[in-house]
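Have a look at work_39.txt below; it lists compact mmCIF, C-alpha atoms.
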```
# COMPACT_ATOMS: atom_id res chain seq x y z
CA MET A 1 115.41 78.58 114.11
CA THR A 2 112.72 77.22 111.82
CA GLN A 3 112.64 77.33 108.05
CA THR A 4 109.72 79.28 106.67
CA THR A 5 107.40 77.23 104.46
CA SER A 6 105.00 79.94 103.28
CA LEU A 7 105.31 83.58 102.26
CA GLN A 8 102.50 86.06 101.68
CA TYR A 9 101.91 89.15 99.55
CA GLU A 10 98.83 91.35 99.30
CA ALA A 11 98.62 93.16 95.98
CA PRO A 12 96.72 96.45 95.55
CA TRP A 13 94.65 94.82 92.79
CA PRO A 14 93.37 91.35 91.76
CA VAL A 15 96.24 89.30 90.31
CA TYR A 16 95.98 86.95 87.36
CA ALA A 17 99.24 86.53 85.45
CA LEU A 18 102.30 85.66 87.54
CA ASP A 19 105.72 84.07 87.15
CA TRP A 20 108.70 83.30 89.35
CA CYS A 21 112.09 84.54 88.16
CA LYS A 22 114.02 81.76 86.44
CA SER A 23 117.50 82.84 87.54
CA ALA A 24 119.15 85.20 89.96
CA ALA A 25 119.70 88.82 89.05
CA PRO A 26 122.98 89.42 87.21
CA GLY A 27 125.81 89.69 89.72
CA GLN A 28 123.65 88.55 92.65
CA THR A 29 123.69 84.78 92.30
CA LEU A 30 124.48 84.21 95.97
CA ARG A 31 121.76 86.46 97.35
CA PRO A 32 118.66 84.63 98.61
CA ARG A 33 116.64 87.77 97.90
CA SER A 34 117.54 87.57 94.23
CA ALA A 35 115.94 84.13 93.83
CA PHE A 36 112.63 85.21 95.41
CA ARG A 37 111.26 87.64 92.85
CA LEU A 38 107.83 87.40 91.24
CA GLY A 39 106.41 89.17 88.22
CA ILE A 40 102.67 89.81 88.65
CA ALA A 41 99.95 91.49 86.61
CA SER A 42 96.56 92.88 87.53
CA LEU A 43 93.19 91.80 86.19
CA THR A 44 90.74 94.69 86.15
CA GLU A 45 88.13 95.33 83.48
CA ASP A 46 89.50 98.61 82.27
CA TYR A 47 92.54 100.10 80.57
CA ARG A 48 94.37 100.83 83.82
CA ASN A 49 96.03 97.49 84.45
CA ARG A 50 99.50 97.25 85.90
CA ILE A 51 102.40 94.85 86.11
CA ALA A 52 104.80 94.73 89.02
CA ILE A 53 107.89 92.99 90.29
CA VAL A 54 107.78 92.02 93.95
CA GLY A 55 110.66 90.81 96.07
CA LEU A 56 111.50 89.82 99.62
CA GLN A 57 111.09 92.51 102.23
CA ASP A 58 113.97 91.06 104.25
CA GLU A 59 115.86 87.80 103.83
CA ARG A 60 115.21 86.93 107.46
CA VAL A 61 111.61 86.03 106.59
CA LEU A 62 113.03 82.82 105.07
CA VAL A 63 114.31 81.48 108.38
CA GLU A 64 112.35 83.21 111.12
CA ASP A 65 108.68 82.46 111.48
CA ASP A 66 108.27 85.20 114.06
CA TYR A 67 109.53 87.89 111.69
CA THR A 68 106.04 89.19 111.09
CA GLU A 69 106.16 92.96 111.58
CA TYR A 70 106.38 93.48 107.83
CA PRO A 71 104.89 91.79 104.76
CA ASP A 72 107.10 89.04 103.30
CA PHE A 73 107.13 90.62 99.84
CA VAL A 74 107.19 94.28 98.80
CA THR A 75 106.71 95.97 95.46
CA LEU A 76 110.07 96.72 93.86
CA VAL A 77 108.77 98.45 90.74
CA GLU A 78 105.57 98.64 88.69
CA ALA A 79 104.46 99.83 85.29
CA GLN A 80 101.30 100.65 83.35
CA HIS A 81 99.99 97.85 81.15
CA GLY A 82 96.65 99.05 79.75
CA TYR A 83 94.61 95.94 79.03
CA PRO A 84 95.13 93.00 81.42
CA ALA A 85 98.10 90.73 80.77
CA THR A 86 96.92 87.29 79.73
CA ARG A 87 100.37 85.86 80.48
CA LEU A 88 103.58 87.11 82.04
CA GLN A 89 106.96 85.38 81.96
CA TRP A 90 110.50 86.11 83.07
CA GLN A 91 113.23 85.43 80.53
CA PRO A 92 114.45 81.80 80.45
CA SER A 93 117.62 81.17 82.46
CA THR A 94 119.46 80.68 79.14
CA ALA A 95 118.90 84.37 78.31
CA ASN A 96 121.79 85.45 80.53
CA SER A 97 124.33 83.83 78.20
CA PHE A 98 122.55 84.73 74.94
CA ALA A 99 124.20 87.25 72.60
CA TRP A 100 121.49 89.93 72.57
CA SER A 101 122.05 92.77 70.12
CA GLN A 102 120.15 95.42 72.10
CA LYS A 103 120.26 94.47 75.77
CA ALA A 104 122.70 95.34 78.53
CA ALA A 105 124.24 92.38 80.35
CA SER A 106 123.07 93.75 83.69
CA THR A 107 119.35 93.79 82.81
CA GLU A 108 116.70 91.11 82.62
CA LEU A 109 113.75 90.74 80.26
CA LEU A 110 110.11 89.98 81.00
CA ALA A 111 107.34 89.53 78.46
CA THR A 112 103.57 89.92 78.60
CA THR A 113 100.70 89.30 76.21
CA GLY A 114 97.42 91.19 75.98
CA ASP A 115 96.52 93.43 73.07
CA ALA A 116 100.16 92.96 71.96
CA LEU A 117 103.33 91.07 72.85
CA ARG A 118 105.35 93.38 75.08
CA VAL A 119 108.97 92.88 76.06
CA TRP A 120 110.07 94.69 79.21
CA GLU A 121 113.58 95.41 80.45
CA TYR A 122 114.17 95.26 84.20
CA SER A 123 117.23 96.66 85.90
CA SER A 124 118.04 96.78 89.58
CA ASP A 125 121.28 98.25 90.75
CA GLY A 126 122.98 95.83 93.09
CA SER A 127 123.43 98.24 95.98
CA ALA A 128 119.72 98.95 96.31
CA ALA A 129 118.89 95.27 96.28
CA VAL A 130 121.38 94.47 99.03
CA GLY A 131 120.53 97.32 101.39
CA SER A 132 117.48 96.79 103.54
CA TYR A 133 114.33 98.73 102.88
CA VAL A 134 111.03 98.85 104.68
CA GLY A 135 107.55 99.30 103.32
CA ARG A 136 106.59 99.99 99.78
CA GLN A 137 109.56 101.01 97.72
CA SER A 138 109.27 103.82 95.24
CA SER A 139 110.34 102.93 91.73
CA GLY A 140 113.19 105.39 92.10
CA GLY A 141 115.15 103.05 94.35
CA GLY A 142 117.39 101.57 91.71
CA HIS A 143 114.65 99.40 90.16
CA LYS A 144 113.50 100.25 86.64
CA LEU A 145 110.95 98.45 84.47
CA THR A 146 110.81 99.90 80.97
CA LEU A 147 108.85 98.86 77.91
CA LYS A 148 111.40 97.75 75.33
CA THR A 149 109.10 96.81 72.45
CA ALA A 150 105.43 96.16 71.72
CA LEU A 151 104.71 93.77 68.85
CA SER A 152 101.28 93.31 67.33
CA GLY A 153 101.31 91.79 63.92
CA GLN A 154 99.23 92.31 60.84
CA SER A 155 96.66 89.56 61.12
CA LYS A 156 96.35 86.93 58.41
CA VAL A 157 92.64 86.57 58.96
CA GLN A 158 91.52 90.06 59.92
CA ASN A 159 91.79 93.15 57.78
CA ASN A 160 92.44 95.73 60.49
CA ASN A 161 95.94 96.98 61.07
CA THR A 162 96.29 96.03 64.70
CA GLY A 163 96.62 92.39 65.66
CA ALA A 164 93.85 90.60 67.51
CA PRO A 165 94.18 90.06 71.28
CA LEU A 166 96.79 87.51 72.34
CA THR A 167 95.84 84.77 74.78
CA SER A 168 99.24 83.36 75.75
CA PHE A 169 102.83 82.81 74.66
CA SER A 170 105.78 80.48 75.09
CA TRP A 171 109.40 81.60 75.40
CA ASN A 172 111.96 79.33 73.76
CA GLU A 173 114.62 78.15 76.20
CA LYS A 174 117.12 76.94 73.64
CA SER A 175 116.97 80.18 71.67
CA PRO A 176 115.58 82.90 73.96
CA SER A 177 115.13 85.36 71.09
CA LEU A 178 112.14 83.22 69.95
CA ILE A 179 108.63 83.67 71.36
CA VAL A 180 105.49 82.08 69.93
CA THR A 181 102.14 83.78 70.68
CA SER A 182 98.56 82.50 70.39
CA SER A 183 95.60 84.67 69.43
CA ILE A 184 91.82 84.68 69.39
CA ASP A 185 92.04 85.19 65.60
CA THR A 186 92.95 81.45 65.19
CA THR A 187 96.64 82.19 64.52
CA CYS A 188 99.98 81.57 66.18
CA THR A 189 102.90 83.89 65.47
CA VAL A 190 106.60 83.19 65.98
CA TRP A 191 108.58 86.34 66.85
CA ASN A 192 112.25 87.18 67.03
CA ILE A 193 112.24 89.60 69.97
CA ASP A 194 115.89 90.51 69.45
CA THR A 195 115.11 92.02 66.04
CA SER A 196 111.42 92.79 66.82
CA THR A 197 110.23 90.94 63.73
CA ALA A 198 107.61 88.28 63.04
CA ILE A 199 109.25 85.17 61.62
CA THR A 200 106.04 83.43 60.63
CA GLN A 201 102.32 83.51 61.30
CA LEU A 202 100.10 80.51 60.70
CA ILE A 203 96.42 79.73 61.00
CA ALA A 204 96.61 77.10 63.72
CA HIS A 205 93.02 76.23 64.65
CA ASP A 206 89.44 76.53 63.44
CA ARG A 207 88.62 78.83 66.35
CA GLU A 208 90.44 80.84 69.04
CA VAL A 209 93.84 79.58 70.17
CA TYR A 210 94.16 79.67 73.97
CA ASP A 211 97.65 78.43 74.72
CA VAL A 212 100.90 77.45 73.07
CA ALA A 213 104.12 75.71 74.18
CA TRP A 214 107.51 74.99 72.59
CA LEU A 215 108.65 71.38 72.67
CA PRO A 216 111.52 71.43 75.22
CA GLY A 217 114.89 71.39 73.49
CA SER A 218 113.44 72.34 70.09
CA THR A 219 113.44 75.60 68.17
CA ASP A 220 111.14 74.16 65.48
CA ILE A 221 108.26 72.28 67.11
CA PHE A 222 105.48 73.80 69.21
CA VAL A 223 101.98 72.72 70.21
CA SER A 224 98.78 74.69 70.70
CA VAL A 225 95.29 74.19 72.12
CA GLY A 226 92.12 76.10 71.48
CA ALA A 227 88.38 76.57 71.38
CA ASP A 228 87.97 73.90 68.69
CA GLY A 229 88.90 71.32 71.33
CA SER A 230 92.07 70.15 69.59
CA LEU A 231 95.74 69.90 70.55
CA ARG A 232 97.95 70.37 67.50
CA ALA A 233 101.66 70.19 66.83
CA PHE A 234 103.49 72.37 64.29
CA ASP A 235 106.98 72.13 62.86
CA LEU A 236 108.46 75.34 61.45
CA ARG A 237 110.46 73.25 58.96
CA SER A 238 107.25 71.97 57.31
CA LEU A 239 104.36 74.33 57.87
CA GLU A 240 102.16 72.82 55.16
CA HIS A 241 100.52 70.53 57.68
CA SER A 242 99.99 70.18 61.40
CA THR A 243 99.56 67.03 63.48
CA ILE A 244 96.42 66.68 65.59
CA LEU A 245 97.58 64.96 68.78
CA TYR A 246 94.26 64.98 70.63
CA GLU A 247 90.68 66.13 70.17
CA THR A 248 88.13 66.42 72.92
CA PRO A 249 85.34 63.91 72.40
CA ALA A 250 82.37 65.35 70.52
CA PRO A 251 79.39 65.82 72.85
CA LYS A 252 76.65 63.23 72.53
CA ASN A 253 73.04 64.03 71.56
CA VAL A 254 73.79 67.52 70.30
CA PRO A 255 71.28 68.57 67.64
CA PRO A 256 73.04 69.23 64.33
CA PRO A 257 73.44 72.93 63.52
CA ARG A 258 70.79 74.23 61.16
CA ALA A 259 73.33 75.98 59.00
CA SER A 260 76.64 74.22 59.02
CA PRO A 261 79.48 76.80 59.19
CA SER A 262 81.58 74.61 56.91
CA SER A 263 81.73 71.00 55.88
CA THR A 264 84.97 70.48 57.78
CA ALA A 265 84.03 72.30 61.00
CA ARG A 266 83.87 70.04 64.01
CA PRO A 267 80.70 69.93 66.12
CA PRO A 268 80.89 72.14 69.20
CA THR A 269 83.19 70.55 71.77
CA SER A 270 84.76 71.52 75.02
CA PRO A 271 87.65 73.95 74.43
CA LEU A 272 91.11 73.09 75.71
CA LEU A 273 92.51 75.97 77.75
CA ARG A 274 96.14 75.20 78.70
CA ILE A 275 99.00 73.04 77.50
CA ALA A 276 102.30 72.37 79.24
CA PHE A 277 105.19 69.95 78.61
CA ASN A 278 106.83 67.90 81.33
CA PRO A 279 110.42 69.29 81.29
CA ALA A 280 111.79 66.02 82.71
CA ASP A 281 110.28 63.97 79.85
CA SER A 282 108.94 65.98 76.94
CA ASN A 283 106.88 63.07 75.63
CA TYR A 284 104.30 64.05 78.24
CA MET A 285 101.97 67.06 78.17
CA SER A 286 99.16 68.18 80.44
CA THR A 287 95.96 69.94 79.46
CA PHE A 288 92.42 70.56 80.72
CA HIS A 289 89.02 71.46 79.32
CA MET A 290 87.04 74.63 79.84
CA ASP A 291 84.86 74.17 82.96
CA GLY A 292 86.55 70.79 83.47
CA THR A 293 87.53 69.36 86.86
CA ASP A 294 89.95 66.74 85.46
CA VAL A 295 93.44 67.13 84.02
CA GLN A 296 94.50 65.06 81.00
CA ILE A 297 98.06 63.77 80.55
CA LEU A 298 98.94 63.05 76.93
CA ASP A 299 101.88 61.13 75.49
CA MET A 300 103.35 62.32 72.17
CA ARG A 301 104.09 58.66 71.35
CA SER A 302 100.45 57.62 71.63
CA PRO A 303 98.34 60.57 70.52
CA GLY A 304 94.58 60.37 70.30
CA GLN A 305 93.62 59.85 73.90
CA PRO A 306 95.04 60.67 77.33
CA VAL A 307 97.36 58.15 78.96
CA MET A 308 96.39 59.50 82.38
CA GLU A 309 93.57 61.49 83.88
CA LEU A 310 93.92 63.27 87.22
CA LYS A 311 90.63 63.40 89.11
CA ALA A 312 90.55 65.17 92.46
CA HIS A 313 89.43 68.77 91.92
CA ARG A 314 85.83 69.50 92.88
CA ALA A 315 85.43 72.61 90.74
CA GLN A 316 86.87 73.86 87.48
CA VAL A 317 90.64 73.71 86.99
CA ASN A 318 92.25 77.09 86.22
CA ALA A 319 95.97 76.45 86.03
CA LEU A 320 98.67 73.81 85.91
CA GLY A 321 102.45 73.73 85.86
CA TRP A 322 105.31 71.23 85.98
CA SER A 323 108.31 71.36 88.25
CA SER A 324 111.43 72.38 86.36
CA THR A 325 113.47 69.63 88.05
CA ASP A 326 113.54 65.92 87.20
CA SER A 327 110.92 65.19 89.85
CA GLN A 328 107.97 64.93 87.38
CA LEU A 329 105.75 66.80 89.84
CA LEU A 330 102.70 68.50 88.34
CA ALA A 331 100.77 71.21 90.21
CA THR A 332 97.11 71.88 89.43
CA ALA A 333 94.81 74.53 90.93
CA GLY A 334 91.22 75.60 90.56
CA ASP A 335 87.99 77.13 91.78
CA ASP A 336 87.77 74.59 94.64
CA CYS A 337 90.51 76.71 96.33
CA GLN A 338 92.85 73.75 96.09
CA LEU A 339 96.44 73.46 94.93
CA LEU A 340 97.18 69.78 94.27
CA LEU A 341 100.59 68.25 93.66
CA TRP A 342 100.81 65.06 91.61
CA ASP A 343 103.82 62.75 91.39
CA LEU A 344 103.72 61.24 87.92
CA ALA A 345 107.16 59.59 87.98
CA PRO A 346 105.77 56.14 88.97
CA HIS A 347 103.30 56.27 86.08
CA THR A 348 105.43 57.51 83.20
CA GLN A 349 107.37 55.18 80.97
CA ALA A 350 111.07 55.75 80.92
CA ALA A 351 112.13 57.88 78.00
CA ALA A 352 114.74 55.25 77.18
CA ALA A 353 112.02 52.77 76.30
CA SER A 354 111.02 54.93 73.37
CA PRO A 355 113.84 57.19 72.31
CA ARG A 356 112.61 60.34 70.65
CA THR A 357 114.79 63.35 70.37
CA ALA A 358 113.55 66.78 69.49
CA SER A 359 115.19 66.47 66.10
CA THR A 360 113.27 63.40 64.93
CA GLY A 361 109.96 65.19 65.06
CA LEU A 362 106.78 63.34 65.94
CA SER A 363 106.84 59.59 66.22
CA SER A 364 104.19 57.09 65.24
CA PRO A 365 101.40 56.29 67.70
CA ARG A 366 101.40 53.35 70.07
CA PRO A 367 97.78 52.25 70.26
CA ASP A 368 98.29 49.81 73.14
CA VAL A 369 98.35 52.36 75.97
CA LYS A 370 95.55 52.11 78.52
CA LYS A 371 94.42 55.25 80.32
CA ARG A 372 95.20 55.40 84.04
CA VAL A 373 93.00 57.39 86.39
CA LEU A 374 94.85 58.95 89.31
CA THR A 375 92.86 60.24 92.28
CA ASP A 376 95.58 60.68 94.94
CA PRO A 377 97.73 63.79 94.82
CA VAL A 378 100.85 63.69 97.00
CA MET A 379 100.13 67.09 98.52
CA ALA A 380 97.12 69.36 98.83
CA TYR A 381 96.87 72.96 99.97
CA THR A 382 93.53 74.67 100.50
CA GLY A 383 93.58 78.42 100.00
CA ALA A 384 91.24 81.09 101.28
CA ALA A 385 89.72 81.68 97.84
CA GLU A 386 89.59 80.32 94.30
CA ILE A 387 93.07 79.90 92.85
CA ALA A 388 93.31 81.63 89.48
CA ASN A 389 96.93 80.85 88.60
CA LEU A 390 100.17 79.29 89.80
CA ALA A 391 103.90 79.52 89.12
CA TRP A 392 106.82 77.27 90.13
CA SER A 393 110.16 78.58 91.25
CA PRO A 394 113.25 76.92 89.84
CA GLN A 395 115.22 74.73 92.27
CA ILE A 396 116.65 77.27 94.73
CA ALA A 397 119.96 76.29 96.28
CA SER A 398 120.75 76.60 99.97
CA MET A 399 122.13 80.08 100.62
CA ALA A 400 124.03 81.57 103.52
CA MET A 401 122.62 84.75 104.99
CA ASN A 402 124.25 87.68 106.80
CA THR A 403 122.78 86.41 110.08
CA GLY A 404 124.76 83.17 109.86
CA HIS A 405 121.66 81.12 109.09
CA SER A 406 121.33 79.29 105.82
CA THR A 407 118.15 78.65 103.87
CA ALA A 408 117.05 75.13 102.99
CA PRO A 409 117.22 74.25 99.29
CA GLY A 410 114.08 73.38 97.37
CA GLU A 411 111.26 74.56 95.14
CA TRP A 412 108.36 76.90 95.82
CA ILE A 413 104.96 77.37 94.19
CA ALA A 414 103.24 80.75 94.10
CA VAL A 415 99.44 80.83 93.79
CA ALA A 416 97.20 83.82 93.03
CA MET A 417 93.89 84.11 94.89
CA GLY A 418 92.17 87.43 94.28
CA LYS A 419 94.57 90.08 95.60
CA SER A 420 96.52 87.56 97.68
CA ILE A 421 99.62 85.68 96.61
CA LYS A 422 100.88 82.79 98.68
CA ALA A 423 104.28 81.20 98.06
CA LEU A 424 104.48 77.65 99.41
CA LYS A 425 107.59 75.53 99.93
CA VAL A 426 107.21 72.19 98.15
```
Once you've parsed the file, please lay out its structure as structure tokens.
Amino acid sequence: MTQTTSLQYEAPWPVYALDWCKSAAPGQTLRPRSAFRLGIASLTEDYRNRIAIVGLQDERVLVEDDYTEYPDFVTLVEAQHGYPATRLQWQPSTANSFAWSQKAASTELLATTGDALRVWEYSSDGSAAVGSYVGRQSSGGGHKLTLKTALSGQSKVQNNNTGAPLTSFSWNEKSPSLIVTSSIDTTCTVWNIDTSTAITQLIAHDREVYDVAWLPGSTDIFVSVGADGSLRAFDLRSLEHSTILYETPAPKNVPPPRASPSSTARPPTSPLLRIAFNPADSNYMSTFHMDGTDVQILDMRSPGQPVMELKAHRAQVNALGWSSTDSQLLATAGDDCQLLLWDLAPHTQAAAASPRTASTGLSSPRPDVKKRVLTDPVMAYTGAAEIANLAWSPQIASMAMNTGHSTAPGEWIAVAMGKSIKALKV
């Protein structure tokens, strides 16, 4: 018996947004199948996009390499989405114990952004998930994905009634009723999805906002990046000002604009596309520039310039993500068809050396930090096509199967390449 190290799924459409479920389905914590579920969304240039939940065809694919008659994953349920989803996430694992006012204990939530923030409710009756099924499952087989609410706020900066398109969102783990969204209209909005209300909307950047992330452990502080090339931090307890943690260097030898848009506008710089905190040490964040091949690691304690730069991709970076364990592993992927895994633990300063809890807010800079350039990832996978996105699984425990085999514990990374999704054991 060999343990499988890669799983494959072919979607009926090009995939962009994807996420790995953060916890087992209610009442199925011991089922391996329940830990291997992905939410995926199509990317087609029309109003016929879809989202789907895919799951293991048969648990034996985890331990038998020769179990190849069927695809590893099958579609469990899908739904219409209209415009493409810019981001898709499963509920945080804390959502199972949260006191929701309008959700059954047996269901799970997913959220997507696009023309609006949509919250979806997913239910799978346990019997259908345990029985074996072959081929593509109809959505009648005990799996339901229903739109619970669609939120698009009145924009602060635009006069039309519908909100501007949303680029991304972050789901708060400490309080899973909170989601913050980012928009091309320069704003970020904090929503309470339990009451379907906007808590606050703020003008966050000078130009489009491309990504947003809650500080781990905080319900007040979040950061955002955008087309103005800046990374900013906001605190809901004092919204009068934001803290600029990093700005991309202004390009050299650019002729000054003939008509300056405003005296405070920055010269055109390289937009920052993604931002993600290291869950094992939330002082550290990762980001990258539009069309950039390098990934910048920033330290909240020494804002202003990266403390590390990861240089190994040979084409533009498209996605990054941290392991949810204490391993400090960062995955990056891009148009060079490569998924690279970086071990940053040897290069990060222990959190104890500079205690900063989520409650103290942002600490003063330490100007003495020298930037390290890392060029050696600990693992590299080359895919068959450009990698558009990636998603980590949580740590999946060893599980006993009906056949008497047991699966090896560990983490997986799913990557999206066109219509293909590959899940790789780390």
*Which is closest to Val15 of chain A among A:Gln349, A:Thr2, A:Ser34, A:Thr44, if we use only C-alpha atoms?*
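Among the listed residues, the smallest separation from Val15 of chain A belongs to A:Thr44.
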*Could you give me, as a list in words, the residues that have an atom at most 9 Å away from the point (118.1, 75.6, 95.0) in the coordinates of the file, using all atoms listed in the file?*
Ala35, Pro394, Gln395, Ile396, Ala397, Ser398, Met399, Ala408, Pro409, Gly410 and Glu411 of chain A
_Separation of atom CA of Pro306 of chain A from atom CA of Trp392 of chain A, in Å and rounded to one decimal_ =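 Going from atom CA of Pro306 of chain A over to atom CA of Trp392 of chain A covers 24.0 Å.
The residue set within 7 Å of Ser101 of chain A, counting all atoms listed in the file and dropping same-chain residues fewer than 2 places from it, reads A:Ala99, A:Lys103, A:Asp194.
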*For each of A:Asp228, A:Asp326, A:Asp115, A:Asp185, take the minimum atom-to-atom distance to Gln201 of chain A, counting all atoms listed in the file, then give the residue where this is smallest.*
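Nearest to Gln201 of chain A: A:Asp185.
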*Could you check which of A:Leu273, A:Met401, A:Val212, A:Ala380 is closest to Asn318 of chain A, using only C-alpha atoms?*
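Nearest to Asn318 of chain A: A:Leu273.
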Within 7 Å of Val77 of chain A, counting all atoms listed in the file, which residues qualify if same-chain residues fewer than 3 places away don't, as a PDB file with C-alpha atoms, in the coordinates of the input?
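Result file is part_17.pdb:
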```
ATOM      1  CA  ALA A  52     104.800  94.730  89.020  1.00  0.00           C
ATOM      2  CA  ILE A  53     107.890  92.990  90.290  1.00  0.00           C
ATOM      3  CA  SER A 139     110.340 102.930  91.730  1.00  0.00           C
ATOM      4  CA  HIS A 143     114.650  99.400  90.160  1.00  0.00           C
ATOM      5  CA  LYS A 144     113.500 100.250  86.640  1.00  0.00           C
ATOM      6  CA  LEU A 145     110.950  98.450  84.470  1.00  0.00           C
TER       7      LEU A 145
END
```
_Closest of A:His81, A:His205, A:His241, A:His313 to Gly226 of chain A - atom-to-atom distances counting all atoms listed in the file_ =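 Among the listed residues, the smallest separation from Gly226 of chain A belongs to A:His205.
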_Counting all atoms listed in the file, which residue out of A:Asp299, A:Asp220, A:Glu64, A:Asp281 sits closest to Tyr246 of chain A?_
A:Asp299
_Sel. within 10 Å of pt (94.2, 87.8, 92.9), counting all atoms listed in the file, output as a PyMOL selection string_ = chain A and resi 10-18+40-43+385-389+415-421
_Separation of atom CA of Gln296 of chain A from atom CA of Met379 of chain A, in Å and rounded to one decimal_ = 18.5 Å
_At a cut-off of 9 Å, using only C-alpha atoms, what residues contact Leu340 of chain A? Leave out same-chain residues fewer than 6 positions from it and give the result as a count of residues only._
12
_Can you measure atom CA of Arg274 of chain A to atom CA of Asn96 of chain A for me? One decimal in Å is fine._
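Computing it gives 27.7 Å between the two atoms.
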